[in-house]
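Participant: Contents of start11.txt (compact mmCIF, C-alpha atoms) are below:
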```
# COMPACT_ATOMS: atom_id res chain seq x y z
CA MET A 956 0.00 0.00 0.00
CA SER A 957 1.24 3.46 -0.83
CA GLN A 958 2.69 5.49 2.03
CA GLN A 959 2.86 8.79 0.23
CA ASN A 960 2.53 11.98 2.23
CA ASP A 961 -1.06 13.17 2.45
CA GLN A 962 -1.28 16.96 2.54
CA ASN A 963 -4.76 16.74 4.06
CA ILE A 964 -3.56 15.04 7.25
CA VAL A 965 -4.28 17.18 10.31
CA LEU A 966 -2.26 15.03 12.73
CA ALA A 967 0.03 12.14 11.80
CA ILE A 968 -0.15 8.89 13.78
CA ASP A 969 2.94 9.69 15.88
CA GLU A 970 2.24 13.44 16.15
CA LYS A 971 1.35 14.99 19.52
CA PRO A 972 -1.59 17.42 19.37
CA LYS A 973 -1.79 20.63 21.38
CA LEU A 974 -3.45 20.13 24.77
CA GLY A 975 -6.78 21.80 23.96
CA GLN A 976 -6.96 20.23 20.51
CA GLY A 977 -6.11 16.80 21.90
CA ILE A 978 -8.79 16.98 24.61
CA LEU A 979 -11.52 17.93 22.12
CA LEU A 980 -10.51 15.24 19.64
CA SER A 981 -10.35 12.63 22.42
CA ILE A 982 -13.82 13.55 23.70
CA GLN A 983 -15.15 13.29 20.15
CA HIS A 984 -13.86 9.70 19.90
CA LEU A 985 -15.31 9.00 23.34
CA PHE A 986 -18.74 10.16 22.13
CA ALA A 987 -18.42 8.11 18.93
CA MET A 988 -17.97 4.85 20.82
CA PHE A 989 -19.99 5.70 23.94
CA GLY A 990 -23.50 4.76 22.80
CA ALA A 991 -22.61 1.34 21.41
CA THR A 992 -20.16 0.48 24.20
CA VAL A 993 -22.68 1.08 27.00
CA LEU A 994 -25.56 -0.43 25.00
CA VAL A 995 -24.07 -3.94 25.09
CA PRO A 996 -23.84 -4.16 28.90
CA ALA A 997 -27.25 -2.48 29.21
CA LEU A 998 -28.78 -5.24 27.06
CA THR A 999 -26.94 -8.09 28.80
CA GLY A 1000 -27.36 -6.94 32.40
CA MET A 1001 -23.67 -6.13 32.86
CA SER A 1002 -22.21 -2.94 34.30
CA PRO A 1003 -21.87 -0.04 31.82
CA ALA A 1004 -19.22 1.51 34.11
CA ILE A 1005 -17.08 -1.63 33.95
CA ALA A 1006 -17.59 -1.78 30.18
CA LEU A 1007 -16.23 1.78 29.90
CA ILE A 1008 -13.26 1.03 32.14
CA SER A 1009 -12.40 -2.23 30.40
CA SER A 1010 -12.72 -0.58 26.97
CA GLY A 1011 -10.34 2.18 28.06
CA ILE A 1012 -7.80 -0.25 29.53
CA GLY A 1013 -8.20 -2.54 26.52
CA THR A 1014 -7.52 0.34 24.11
CA LEU A 1015 -4.36 1.32 26.01
CA VAL A 1016 -3.14 -2.31 25.95
CA PHE A 1017 -3.96 -2.54 22.23
CA ILE A 1018 -1.94 0.61 21.55
CA LEU A 1019 0.98 -0.81 23.55
CA ILE A 1020 0.96 -4.17 21.74
CA THR A 1021 0.70 -2.51 18.30
CA ARG A 1022 3.59 -0.21 19.28
CA GLY A 1023 1.47 2.92 18.88
CA LYS A 1024 1.06 2.38 15.13
CA VAL A 1025 -2.67 1.58 14.88
CA PRO A 1026 -5.11 4.41 15.75
CA SER A 1027 -8.10 2.37 16.92
CA TYR A 1028 -10.55 2.30 19.81
CA LEU A 1029 -11.80 -0.96 21.30
CA GLY A 1030 -15.37 -1.13 22.60
CA SER A 1031 -18.01 -3.72 23.49
CA SER A 1032 -18.70 -6.34 20.80
CA PHE A 1033 -22.31 -6.81 19.62
CA ALA A 1034 -21.58 -10.34 18.41
CA PHE A 1035 -21.76 -11.78 21.92
CA ILE A 1036 -25.01 -10.19 23.14
CA ASN A 1037 -27.17 -13.29 22.62
CA PRO A 1038 -24.60 -15.81 23.94
CA ILE A 1039 -24.06 -13.72 27.09
CA ILE A 1040 -27.81 -13.36 27.68
CA ALA A 1041 -28.23 -17.12 27.23
CA MET A 1042 -25.33 -17.91 29.56
CA LYS A 1043 -26.55 -15.56 32.30
CA ALA A 1044 -30.06 -17.04 32.12
CA LEU A 1045 -28.61 -20.51 32.65
CA GLU A 1046 -26.42 -19.30 35.50
CA ALA A 1047 -29.53 -17.97 37.24
CA ASN A 1048 -31.16 -21.41 37.00
CA PRO A 1049 -29.74 -23.75 39.69
CA GLU A 1050 -30.93 -26.80 37.74
CA SER A 1051 -28.90 -25.92 34.64
CA GLY A 1052 -25.58 -26.93 36.19
CA ILE A 1053 -23.89 -23.84 34.72
CA ALA A 1054 -21.68 -22.20 37.34
CA THR A 1055 -21.75 -18.50 38.22
CA GLY A 1056 -19.34 -16.48 36.10
CA SER A 1057 -19.33 -18.98 33.23
CA PHE A 1058 -20.14 -16.24 30.70
CA LEU A 1059 -16.98 -14.41 31.81
CA VAL A 1060 -14.99 -17.61 31.41
CA GLY A 1061 -16.41 -17.81 27.91
CA SER A 1062 -15.41 -14.20 27.24
CA PHE A 1063 -11.88 -14.95 28.43
CA LEU A 1064 -11.71 -17.95 26.07
CA VAL A 1065 -12.79 -15.68 23.22
CA GLY A 1066 -9.74 -13.51 23.97
CA VAL A 1067 -7.58 -16.63 24.01
CA THR A 1068 -9.03 -17.57 20.61
CA TYR A 1069 -8.10 -14.16 19.18
CA SER A 1070 -4.59 -14.61 20.54
CA LEU A 1071 -4.22 -18.10 19.03
CA VAL A 1072 -5.40 -16.76 15.68
CA ALA A 1073 -2.77 -14.02 16.00
CA LEU A 1074 -0.12 -16.68 16.63
CA LEU A 1075 -1.24 -18.65 13.59
CA ILE A 1076 -1.17 -15.52 11.44
CA ALA A 1077 2.35 -14.76 12.65
CA THR A 1078 3.56 -18.26 11.71
CA ALA A 1079 1.37 -19.29 8.77
CA GLY A 1080 0.10 -16.09 7.16
CA THR A 1081 -3.57 -15.36 6.37
CA LYS A 1082 -4.45 -17.79 3.55
CA TRP A 1083 -5.98 -20.34 5.95
CA LEU A 1084 -8.29 -17.64 7.35
CA MET A 1085 -9.35 -16.65 3.86
CA LYS A 1086 -10.38 -20.23 3.15
CA LEU A 1087 -12.38 -20.51 6.38
CA LEU A 1088 -14.18 -17.17 6.24
CA PRO A 1089 -15.25 -16.15 2.72
CA PRO A 1090 -18.14 -13.66 2.25
CA ILE A 1091 -20.70 -16.45 1.72
CA VAL A 1092 -20.06 -17.60 5.31
CA VAL A 1093 -19.38 -14.32 7.12
CA GLY A 1094 -22.21 -12.36 5.46
CA PRO A 1095 -25.08 -14.64 6.57
CA VAL A 1096 -23.54 -15.07 10.05
CA ILE A 1097 -23.52 -11.29 10.48
CA MET A 1098 -27.16 -11.25 9.35
CA VAL A 1099 -27.95 -13.87 12.00
CA ILE A 1100 -26.47 -11.61 14.70
CA GLY A 1101 -28.79 -8.73 13.82
CA LEU A 1102 -31.93 -10.73 13.05
CA GLY A 1103 -31.43 -12.97 16.08
CA LEU A 1104 -31.60 -9.90 18.31
CA ALA A 1105 -34.74 -8.47 16.67
CA SER A 1106 -37.13 -9.92 19.24
CA THR A 1107 -34.99 -8.53 22.07
CA ALA A 1108 -35.25 -4.99 20.68
CA ILE A 1109 -39.02 -5.23 20.14
CA LYS A 1110 -39.59 -6.61 23.64
CA MET A 1111 -37.60 -3.71 25.12
CA VAL A 1112 -39.79 -1.23 23.27
CA THR A 1113 -43.18 -2.81 23.95
CA ASN A 1114 -43.02 -4.37 27.43
CA ASN A 1115 -42.81 -2.60 30.80
CA PRO A 1116 -40.94 -4.03 33.84
CA SER A 1117 -44.00 -6.21 34.58
CA ASN A 1118 -43.56 -7.77 31.12
CA GLU A 1119 -46.88 -6.31 29.96
CA TYR A 1120 -47.57 -4.35 26.78
CA ASP A 1121 -47.28 -0.63 27.53
CA LEU A 1122 -48.22 2.08 25.01
CA THR A 1123 -46.09 4.64 26.88
CA TYR A 1124 -43.04 2.43 26.35
CA VAL A 1125 -43.91 2.00 22.69
CA THR A 1126 -44.16 5.78 22.26
CA ILE A 1127 -40.80 6.37 23.97
CA GLY A 1128 -39.15 3.67 21.88
CA PHE A 1129 -40.36 5.00 18.56
CA VAL A 1130 -39.60 8.63 19.44
CA THR A 1131 -36.03 7.50 20.24
CA LEU A 1132 -35.85 5.62 16.94
CA ILE A 1133 -37.12 8.62 14.96
CA ILE A 1134 -34.60 10.98 16.61
CA THR A 1135 -31.79 8.55 15.81
CA ILE A 1136 -32.86 8.18 12.17
CA ILE A 1137 -33.26 11.94 11.64
CA THR A 1138 -29.81 12.56 13.14
CA ALA A 1139 -28.21 9.86 10.99
CA ILE A 1140 -29.83 11.09 7.76
CA PHE A 1141 -29.91 14.86 8.04
CA SER A 1142 -27.08 15.90 10.39
CA LYS A 1143 -23.62 16.86 9.19
CA GLY A 1144 -20.15 17.01 10.69
CA PHE A 1145 -19.69 15.85 14.27
CA LEU A 1146 -23.35 14.95 14.88
CA SER A 1147 -23.36 12.63 11.88
CA VAL A 1148 -20.95 10.23 13.63
CA ILE A 1149 -22.88 10.03 16.91
CA PRO A 1150 -26.54 9.47 15.90
CA VAL A 1151 -26.91 6.68 18.48
CA LEU A 1152 -25.75 8.92 21.30
CA VAL A 1153 -28.04 11.74 20.11
CA GLY A 1154 -30.94 9.29 19.92
CA ILE A 1155 -30.33 8.04 23.45
CA ILE A 1156 -30.11 11.60 24.82
CA GLY A 1157 -33.24 12.70 22.93
CA GLY A 1158 -35.17 9.60 23.96
CA TYR A 1159 -34.03 10.01 27.56
CA ILE A 1160 -35.27 13.61 27.70
CA PHE A 1161 -38.61 12.54 26.18
CA ALA A 1162 -38.86 9.69 28.72
CA ILE A 1163 -38.39 12.22 31.53
CA THR A 1164 -41.37 14.20 30.22
CA MET A 1165 -43.38 10.96 30.17
CA GLY A 1166 -42.62 10.37 33.84
CA VAL A 1167 -40.77 7.05 33.54
CA VAL A 1168 -37.34 8.26 34.71
CA ASP A 1169 -36.32 8.43 38.36
CA LEU A 1170 -33.43 10.89 38.75
CA ASN A 1171 -33.02 10.34 42.51
CA PRO A 1172 -30.23 7.75 42.05
CA VAL A 1173 -28.23 10.36 40.09
CA ILE A 1174 -28.78 13.03 42.76
CA GLU A 1175 -27.80 10.66 45.56
CA ALA A 1176 -24.80 9.11 43.80
CA LYS A 1177 -21.25 10.10 44.73
CA TRP A 1178 -18.92 11.60 42.18
CA PHE A 1179 -16.26 8.93 42.71
CA VAL A 1180 -17.29 5.29 43.06
CA VAL A 1181 -15.38 2.05 42.48
CA PRO A 1182 -17.64 -0.21 40.36
CA ASP A 1183 -18.41 -3.77 41.47
CA PHE A 1184 -15.76 -5.57 39.45
CA THR A 1185 -16.26 -9.30 39.01
CA VAL A 1186 -12.82 -10.86 39.46
CA PRO A 1187 -12.10 -14.58 38.95
CA PHE A 1188 -11.06 -16.54 42.07
CA VAL A 1189 -12.29 -13.60 44.16
CA ASP A 1190 -15.97 -13.23 43.22
CA TYR A 1191 -16.40 -16.62 41.56
CA LYS A 1192 -14.51 -19.82 40.82
CA PRO A 1193 -13.91 -20.19 37.07
CA THR A 1194 -15.47 -23.39 35.77
CA LEU A 1195 -14.91 -24.72 32.26
CA SER A 1196 -17.60 -26.69 30.46
CA TRP A 1197 -18.26 -27.83 26.93
CA TYR A 1198 -21.38 -25.68 26.90
CA VAL A 1199 -19.33 -22.53 27.52
CA ILE A 1200 -16.80 -23.47 24.86
CA PHE A 1201 -19.30 -24.25 22.13
CA LEU A 1202 -21.63 -21.34 22.86
CA MET A 1203 -19.01 -18.57 22.92
CA ILE A 1204 -15.91 -19.52 20.91
CA PRO A 1205 -17.52 -20.17 17.48
CA VAL A 1206 -19.06 -16.69 17.59
CA ALA A 1207 -15.50 -15.31 17.54
CA ILE A 1208 -15.54 -15.97 13.79
CA VAL A 1209 -17.48 -12.75 13.28
CA PRO A 1210 -15.34 -10.25 15.25
CA ILE A 1211 -12.18 -11.85 13.80
CA ALA A 1212 -13.42 -11.15 10.27
CA GLU A 1213 -14.62 -7.73 11.42
CA HIS A 1214 -11.20 -6.96 12.88
CA ILE A 1215 -9.45 -7.79 9.62
CA GLY A 1216 -11.90 -5.66 7.68
CA HIS A 1217 -11.37 -2.73 10.03
CA GLN A 1218 -7.60 -2.96 9.65
CA LEU A 1219 -7.88 -2.93 5.86
CA VAL A 1220 -10.26 0.04 5.84
CA LEU A 1221 -8.14 1.87 8.42
CA SER A 1222 -5.06 1.27 6.27
CA LYS A 1223 -6.80 3.11 3.44
CA VAL A 1224 -7.86 5.96 5.71
CA VAL A 1225 -4.37 6.59 7.15
CA ASN A 1226 -2.64 5.70 3.85
CA LYS A 1227 -0.38 3.14 5.51
CA ASP A 1228 -0.34 -0.67 5.26
CA LEU A 1229 -1.17 -1.64 8.85
CA ILE A 1230 -1.54 -5.30 7.82
CA GLU A 1231 2.24 -5.34 7.25
CA ASP A 1232 3.37 -2.85 9.90
CA PRO A 1233 2.84 -3.43 12.79
CA GLY A 1234 1.14 -6.54 11.38
CA LEU A 1235 -2.25 -8.20 11.57
CA ASP A 1236 -0.88 -10.61 14.16
CA ARG A 1237 -0.09 -7.75 16.56
CA SER A 1238 -3.46 -6.03 16.16
CA MET A 1239 -5.30 -9.34 16.58
CA LEU A 1240 -3.22 -10.10 19.68
CA GLY A 1241 -4.05 -6.66 21.05
CA ASP A 1242 -7.74 -7.39 20.56
CA GLY A 1243 -7.35 -10.74 22.30
CA VAL A 1244 -5.47 -9.45 25.34
CA ALA A 1245 -7.96 -6.57 25.70
CA THR A 1246 -10.84 -9.06 25.72
CA MET A 1247 -9.12 -11.25 28.32
CA ILE A 1248 -8.56 -8.23 30.56
CA ALA A 1249 -12.22 -7.19 30.15
CA ALA A 1250 -13.34 -10.70 31.17
CA CYS A 1251 -11.17 -10.56 34.28
CA LEU A 1252 -12.85 -7.29 35.30
CA GLY A 1253 -16.42 -8.36 34.53
CA GLY A 1254 -16.76 -6.58 31.19
CA PRO A 1255 -17.95 -7.78 27.74
CA PRO A 1256 -15.60 -8.91 24.93
CA ASN A 1257 -13.95 -6.06 23.04
CA THR A 1258 -13.57 -5.35 19.35
CA THR A 1259 -12.21 -2.53 17.19
CA TYR A 1260 -14.87 0.09 16.42
CA GLY A 1261 -15.86 1.19 12.94
CA GLU A 1262 -17.49 4.31 14.43
CA ASN A 1263 -14.08 5.66 15.41
CA ILE A 1264 -12.62 4.82 12.01
CA GLY A 1265 -15.39 6.99 10.57
CA VAL A 1266 -14.35 9.84 12.85
CA LEU A 1267 -10.75 9.46 11.64
CA ALA A 1268 -11.86 9.65 8.02
CA ILE A 1269 -13.73 12.89 8.72
CA THR A 1270 -11.20 14.67 10.96
CA ARG A 1271 -7.95 13.39 9.34
CA ALA A 1272 -6.45 13.59 12.85
CA PHE A 1273 -4.71 10.19 13.15
CA SER A 1274 -2.66 10.89 16.28
CA ILE A 1275 -2.37 7.86 18.57
CA TYR A 1276 -2.30 10.31 21.50
CA VAL A 1277 -5.92 11.21 20.77
CA PHE A 1278 -6.90 7.57 21.35
CA ILE A 1279 -4.83 7.44 24.52
CA GLY A 1280 -6.77 10.47 25.72
CA ALA A 1281 -10.13 8.90 24.78
CA ALA A 1282 -9.21 5.73 26.67
CA CYS A 1283 -8.24 7.72 29.77
CA PHE A 1284 -11.52 9.66 29.65
CA ALA A 1285 -13.46 6.37 29.39
CA ILE A 1286 -11.71 5.04 32.49
CA LEU A 1287 -12.45 8.26 34.40
CA PHE A 1288 -16.13 8.11 33.36
CA GLY A 1289 -16.30 4.53 34.60
CA PHE A 1290 -15.24 5.61 38.10
CA CYS A 1291 -17.69 8.54 38.17
CA GLY A 1292 -20.68 7.49 40.28
CA LYS A 1293 -22.89 10.19 38.77
CA VAL A 1294 -22.27 8.85 35.26
CA SER A 1295 -22.90 5.24 36.31
CA ALA A 1296 -26.13 6.22 38.07
CA LEU A 1297 -27.25 8.24 35.05
CA LEU A 1298 -26.67 5.27 32.74
CA SER A 1299 -28.66 3.01 35.05
CA THR A 1300 -31.68 5.32 34.83
CA ILE A 1301 -31.99 5.08 31.03
CA PRO A 1302 -35.37 3.37 30.41
CA THR A 1303 -35.38 0.11 28.42
CA PRO A 1304 -37.59 1.53 25.61
CA VAL A 1305 -34.93 4.17 24.93
CA MET A 1306 -32.27 1.49 24.49
CA GLY A 1307 -34.78 -0.62 22.58
CA GLY A 1308 -35.52 2.24 20.18
CA VAL A 1309 -31.88 2.63 19.12
CA SER A 1310 -31.49 -1.17 19.12
CA ILE A 1311 -34.13 -1.51 16.40
CA LEU A 1312 -31.89 0.52 14.11
CA LEU A 1313 -28.55 -0.90 15.29
CA PHE A 1314 -29.58 -4.54 15.06
CA GLY A 1315 -31.12 -3.88 11.66
CA ILE A 1316 -27.91 -2.24 10.49
CA ILE A 1317 -25.94 -5.27 11.65
CA ALA A 1318 -28.18 -7.55 9.59
CA SER A 1319 -28.04 -5.19 6.61
CA SER A 1320 -24.23 -5.03 6.77
CA GLY A 1321 -24.15 -8.80 6.29
CA LEU A 1322 -26.38 -8.43 3.22
CA ARG A 1323 -24.20 -5.58 1.99
CA MET A 1324 -21.12 -7.80 2.24
CA LEU A 1325 -22.77 -10.38 -0.02
CA ILE A 1326 -23.80 -7.71 -2.55
CA GLU A 1327 -20.45 -5.89 -2.65
CA ASN A 1328 -18.58 -9.16 -3.14
CA LYS A 1329 -20.98 -10.12 -5.95
CA VAL A 1330 -21.97 -13.43 -4.36
CA ASP A 1331 -23.98 -15.23 -7.04
CA PHE A 1332 -27.09 -16.91 -5.62
CA LYS A 1333 -27.74 -18.63 -8.92
CA ILE A 1334 -24.96 -20.94 -7.79
CA LYS A 1335 -26.54 -23.68 -5.70
CA ARG A 1336 -23.71 -23.97 -3.15
CA ASN A 1337 -24.04 -20.28 -2.24
CA LEU A 1338 -27.81 -20.56 -1.90
CA ILE A 1339 -27.47 -23.68 0.28
CA ILE A 1340 -24.78 -22.26 2.59
CA SER A 1341 -26.58 -18.96 3.23
CA SER A 1342 -29.99 -20.64 3.66
CA VAL A 1343 -28.73 -23.15 6.20
CA ILE A 1344 -26.83 -20.52 8.20
CA LEU A 1345 -29.84 -18.18 8.35
CA ILE A 1346 -32.42 -20.77 9.40
CA ILE A 1347 -30.23 -22.55 11.94
CA GLY A 1348 -28.99 -19.28 13.43
CA ILE A 1349 -32.30 -17.42 13.61
CA GLY A 1350 -34.42 -20.48 14.34
CA GLY A 1351 -32.42 -21.34 17.45
CA ALA A 1352 -31.41 -24.84 16.37
CA ALA A 1353 -29.38 -26.73 18.96
CA ILE A 1354 -27.43 -29.94 19.50
CA HIS A 1355 -27.46 -31.27 23.07
CA ILE A 1356 -25.68 -34.40 24.25
CA GLY A 1357 -26.60 -34.77 27.90
CA ASP A 1358 -24.89 -32.23 30.13
CA LEU A 1359 -21.52 -32.67 28.44
CA PHE A 1360 -22.05 -30.98 25.11
CA SER A 1361 -24.28 -28.24 23.76
CA LEU A 1362 -24.05 -26.22 20.56
CA GLU A 1363 -26.79 -23.87 19.42
CA GLY A 1364 -27.91 -20.74 17.62
CA MET A 1365 -25.31 -18.51 16.05
CA ALA A 1366 -22.40 -20.70 17.18
CA LEU A 1367 -23.88 -23.79 15.53
CA ALA A 1368 -24.76 -21.81 12.39
CA SER A 1369 -21.19 -20.45 12.14
CA ILE A 1370 -19.58 -23.89 12.39
CA ILE A 1371 -22.00 -25.48 9.91
CA GLY A 1372 -21.42 -22.59 7.51
CA VAL A 1373 -17.64 -23.06 7.65
CA VAL A 1374 -17.96 -26.83 7.18
CA LEU A 1375 -20.38 -26.53 4.26
CA ASN A 1376 -18.10 -24.04 2.53
CA LEU A 1377 -15.15 -26.40 2.86
CA ILE A 1378 -16.89 -29.62 1.73
CA LEU A 1379 -19.31 -28.47 -0.99
CA PRO A 1380 -17.84 -28.50 -4.52
CA GLY A 1381 -17.22 -25.34 -6.51
CA ARG A 1382 -15.54 -23.27 -3.80
CA GLU A 1383 -13.82 -20.15 -5.10
CA PHE A 1384 -10.85 -18.54 -3.37
CA VAL A 1385 -11.59 -14.98 -2.26
CA SER A 1386 -8.99 -12.91 -0.42
CA PHE A 1387 -9.84 -10.69 2.51
CA LYS A 1388 -8.66 -7.69 0.51
CA GLU A 1389 -11.27 -8.50 -2.15
CA MET A 1390 -13.80 -9.18 0.60
CA PHE A 1391 -13.50 -5.75 2.18
CA ASP A 1392 -12.29 -3.67 -0.79
CA GLU A 1393 -14.49 -0.55 -0.96
CA GLU A 1394 -13.89 -0.31 -4.72
CA ASN A 1395 -15.51 -3.69 -5.42
```
Kindly present the structure from the file in structure tokens form.
Facilitator:
Amino acid sequence: MSQQNDQNIVLAIDEKPKLGQGILLSIQHLFAMFGATVLVPALTGMSPAIALISSGIGTLVFILITRGKVPSYLGSSFAFINPIIAMKALEANPESGIATGSFLVGSFLVGVTYSLVALLIATAGTKWLMKLLPPIVVGPVIMVIGLGLASTAIKMVTNNPSNEYDLTYVTIGFVTLIITIITAIFSKGFLSVIPVLVGIIGGYIFAITMGVVDLNPVIEAKWFVVPDFTVPFVDYKPTLSWYVIFLMIPVAIVPIAEHIGHQLVLSKVVNKDLIEDPGLDRSMLGDGVATMIAACLGGPPNTTYGENIGVLAITRAFSIYVFIGAACFAILFGFCGKVSALLSTIPTPVMGGVSILLFGIIASSGLRMLIENKVDFKIKRNLIISSVILIIGIGGAAIHIGDLFSLEGMALASIIGVVLNLILPGREFVSFKEMFDEEN
């Protein structure tokens, strides 16, 4: 990739910004990732404060491992929402046999998986990954993530805490959705990269007028509070089971492919081949270590954020110090009791309203991948692979063998998709660069 000087660059990757400029740019990146990062723990019943702290620490570790050469922010991954919800539901059921903290063990294993993939890339290159994860597999799996969460979003919008249909909740949810859509379509500049955050704020204000928000927790909260971290061997005894392995690890296929795509797009934005220097193995390892740290703190798995890449493309300020600043601000916000209390008062229909759009966009991005890579559905193998992945993933198919083995939903769909792609005749080799090339 060309590394010619770009006269439009505001700040180079290794360039230190002025203090005021750096603070404003860092806060902008914080806003870009904020809505999605706190949405994942809000949907899964985890702590938004811990998610912020773990994302900040994870980003700093990522920057260290990539030697300060990859301007990226790591936030909560949407791919694991359903598996975490399923795991926590089983943990709450004493008859399930699933130990407390198993979903965090699964998250840690996801980080280990990233790290092993990084090791394989370092020793064997990327061709094996290209064979495993072509667009015909990754596209439908991404669609399963979004469509599989559709019922969750609708339930959040329509049902009150008593699990009864509530027209007030429906109104709040759709007002939030409309604000988010209007911001995404009609706003320009800075607002155009934070439509989710604007939607949450607008929906929250509307919910206050509807009388469903209790601000007393915010008033009573302290400014500085240490969140309730969930630490292994302190708060729970890590227990490994086949159920944890087969529910969480196969889903890692999606963020791994997403990570590679982000690095390729980011390379174009900064006009530097980040796949070669510092290397895909280093960035993948950074992602893995960040996810393992998050699991040890009680936070969700991390992934690189496309929202922040969009901010980079707009601002042309690539300085790694801006991301260091954003990470530090995220950590500070996580220890602010007022912020944590404020996040906890956001009504579920507000989060449900933005989720309708976000989950739909996830599903649509999978469809877009198939279209941009010109996947031909006149070819029977493509039609079969995508059809099987979609129905198994969305339908909730499962394989249970006693209490020893369980594989279901998205994880099962991902594995079957990979296997079908490898064994069905007529497979074409498609590189990741072709898969994510914007010019295709």
Participant: Hey, which of A:Met1324, A:Val1277, A:Ile1097, A:Ile1005 ends up closest to A:Lys971? Count all atoms listed in the file.
Facilitator: A:Val1277
Participant: Could you please determine the separation between atom CA of A:Gly1103 and atom CA of A:Pro1304 in Å, to one decimal place?
Facilitator: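 It comes out at 18.4 Å.
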Participant: Tell me which of A:Leu1071, A:Asn1257, A:Thr1107, A:Leu1235 sits closest to A:Ser1222, counting only C-alpha atoms.
Facilitator: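 Of all the options, A:Leu1235 lies closest to A:Ser1222.
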Participant: Using only C-alpha atoms, which residue out of A:Lys1223, A:Arg1336, A:Lys1293, A:His1355 lies closest to A:Ala1268?
Facilitator: A:Lys1223
Participant: So which residues touch A:Thr1055 within 12 Å, counting only C-alpha atoms, skipping near sequence neighbours fewer than 5 positions away, as a PyMOL selection string?
Facilitator: chain A and resi 1042-1049+1060-1061+1185-1188+1190-1195+1199
Participant: Quick one: distance from atom CA of A:Gly1166 to atom CA of A:Thr1123 in Å, one decimal?
Facilitator: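 Atom-to-atom, atom CA of A:Gly1166 and atom CA of A:Thr1123 are spaced 9.7 Å apart.
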Participant: Go through A:Ala1162, A:Val1225, A:Ile1248, A:Leu979 and flag the residue nearest A:Ala967, using all atoms listed in the file for the distances.
Facilitator: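 For A:Ala967, the nearest of the given residues is A:Val1225.
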